[in-house]
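Below is one structure, written out as structure tokens, with a few remarks after it.
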Amino acid sequence: GQNIDQPTEMTATEGAIVQINCTYQTSGFNGLFWYQQHAGEAPTFLSYNVLDGLEEKGRFSSFLSRSKGYSYLLLKELQMKDSASYLCAVRDAPGATNKLIFGTGTLLAVQP
Amino acid sequence: EPEVTQTPSHQVTQMGQEVILRCVPISNHLYFYWYRQILGQKVEFLVSFYNNEISEKSEIFDDQFSVERPDGSNFTLKIRSTKLEDSAMYFCASSDGQGIGYTFGSGTRLTVV
């Protein structure tokens, strides 16, 4: 079956660093996405990994290990506006589908 | 920055009624999708559309659902006879030729009463 696991909730302090983990077991793999979602809004693209290693984009970095079925999203210099849900999503096997399989999301609360 | 546009933002409908949710994907994208998110739950895939036909649909996408690309810009999701459990946020998305650049619209909140 398809399974993507993330912690349900995390709390961190403004200015700190937080790492949100994601493990996956899917029948196919053609890339992993991280999205940010504020309550009642659309998921907003943060990062995409298809090869092993670290992708850095400003305050956000994402890491992938395909052999371990593992990814993490690293958020640095946390700001209050980073309080949101962070969604890990795996793109299914290549082809005409390209569907994304989402985890349940990690609700991050940034405290002053 | 290009965006996916969805209308309406909110829709309230009576059980058994038909609804059509509308989307304008990013103009040079080739793949189009509908997802839904029931309140407090994860985002779920409904259907993908490529080259003017459905490429995959989930078990949620039963005979009550249909999609259409009536012209070169719009992409619609129709629910023929809504049920209470269809109440959710419906997101349209589109992606480029490699299936990357995956962009979601702002969603339509559907409430079935």
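Naming works like this for the structure tokens: A, B, ... for the chains as they're shown, residue 1 at the start of each chain, ligands 1 onward in shown order.
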
Enumerate as a PDB file with C-alpha atoms, in the first residue's frame all residues of stretch 70-102 of chain B assigned to strand (DSSP E) by DSSP on the backbone, naming them with the chain letters and numbers the document uses.
```pdb
ATOM      1  CA  PHE B  75     -11.017  22.560 -16.423  1.00  0.00           C
ATOM      2  CA  THR B  76     -14.155  21.565 -14.532  1.00  0.00           C
ATOM      3  CA  LEU B  77     -15.189  19.023 -11.918  1.00  0.00           C
ATOM      4  CA  LYS B  78     -18.852  18.057 -11.838  1.00  0.00           C
ATOM      5  CA  ILE B  79     -20.522  16.208  -9.000  1.00  0.00           C
ATOM      6  CA  ALA B  88     -14.684  19.321   1.541  1.00  0.00           C
ATOM      7  CA  MET B  89     -12.197  21.745   0.085  1.00  0.00           C
ATOM      8  CA  TYR B  90     -11.594  20.907  -3.576  1.00  0.00           C
ATOM      9  CA  PHE B  91      -8.257  21.883  -5.055  1.00  0.00           C
ATOM     10  CA  CYS B  92      -7.412  22.061  -8.716  1.00  0.00           C
ATOM     11  CA  ALA B  93      -3.747  21.719  -9.674  1.00  0.00           C
ATOM     12  CA  SER B  94      -1.664  21.739 -12.811  1.00  0.00           C
ATOM     13  CA  SER B  95       1.897  20.753 -13.652  1.00  0.00           C
TER      14      SER B  95
END
```

So that I can see what lies close to stretch 98-104 of chain A, please list as a CSV table (one decimal) with C-alpha atoms, in the first residue's frame the residues with an atom at most 7 Å from it, counting only C-alpha atoms and leaving out residues fewer than 4 positions away in the same chain.
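out.csv was written with the following content:
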```
chain,number,residue,atom,x,y,z
A,4,ILE,CA,3.5,8.5,4.2
A,5,ASP,CA,4.2,9.3,7.8
A,6,GLN,CA,4.9,12.6,9.5
A,87,LEU,CA,2.8,18.5,3.9
A,88,CYS,CA,5.1,15.8,2.5
A,89,ALA,CA,3.9,14.4,-0.8
A,90,VAL,CA,5.4,11.6,-3.0
A,91,ARG,CA,4.9,11.7,-6.8
A,92,ASP,CA,3.9,8.4,-8.1
A,93,ALA,CA,5.7,6.6,-10.8
A,94,PRO,CA,6.5,8.5,-14.1
B,41,GLN,CA,-7.8,15.3,7.0
B,42,LYS,CA,-5.1,14.9,4.4
B,43,VAL,CA,-5.2,16.0,0.8
B,44,GLU,CA,-6.5,13.2,-1.4
B,45,PHE,CA,-6.1,12.6,-5.1
B,48,SER,CA,-5.6,13.4,-13.3
B,99,GLY,CA,5.0,16.7,-13.9
```

Using only C-alpha atoms, which residues sit within 10 Å of stretch 38-52 of chain A once same-chain residues fewer than 5 positions away are excluded, as a ChimeraX atom specification? /A:29-33,57,60-67,70-71,73,81-91,107 /B:37,39-40,43,89-93,100-109

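Counting from atom CA of B:Ile38, the distance to atom CA of A:Tyr35 is 17.4 Å.
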
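Using only C-alpha atoms, the shortest contact distance between chain B and any of A:Gln37, A:Gln79, A:Gln111, A:Asn21 is found at A:Gln37.
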
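Computed from the coordinates, the atom CA of B:Pro25 to atom CA of B:Thr111 distance equals 23.3 Å.
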
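Relative to atom CA of B:Ser73, atom CA of B:Glu1 is found at 17.4 Å.
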
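With distances restricted to only C-alpha atoms, B:Tyr31 is the closest residue to B:Ser55 from B:Tyr31, B:Val12, B:Gly72, B:Val112.
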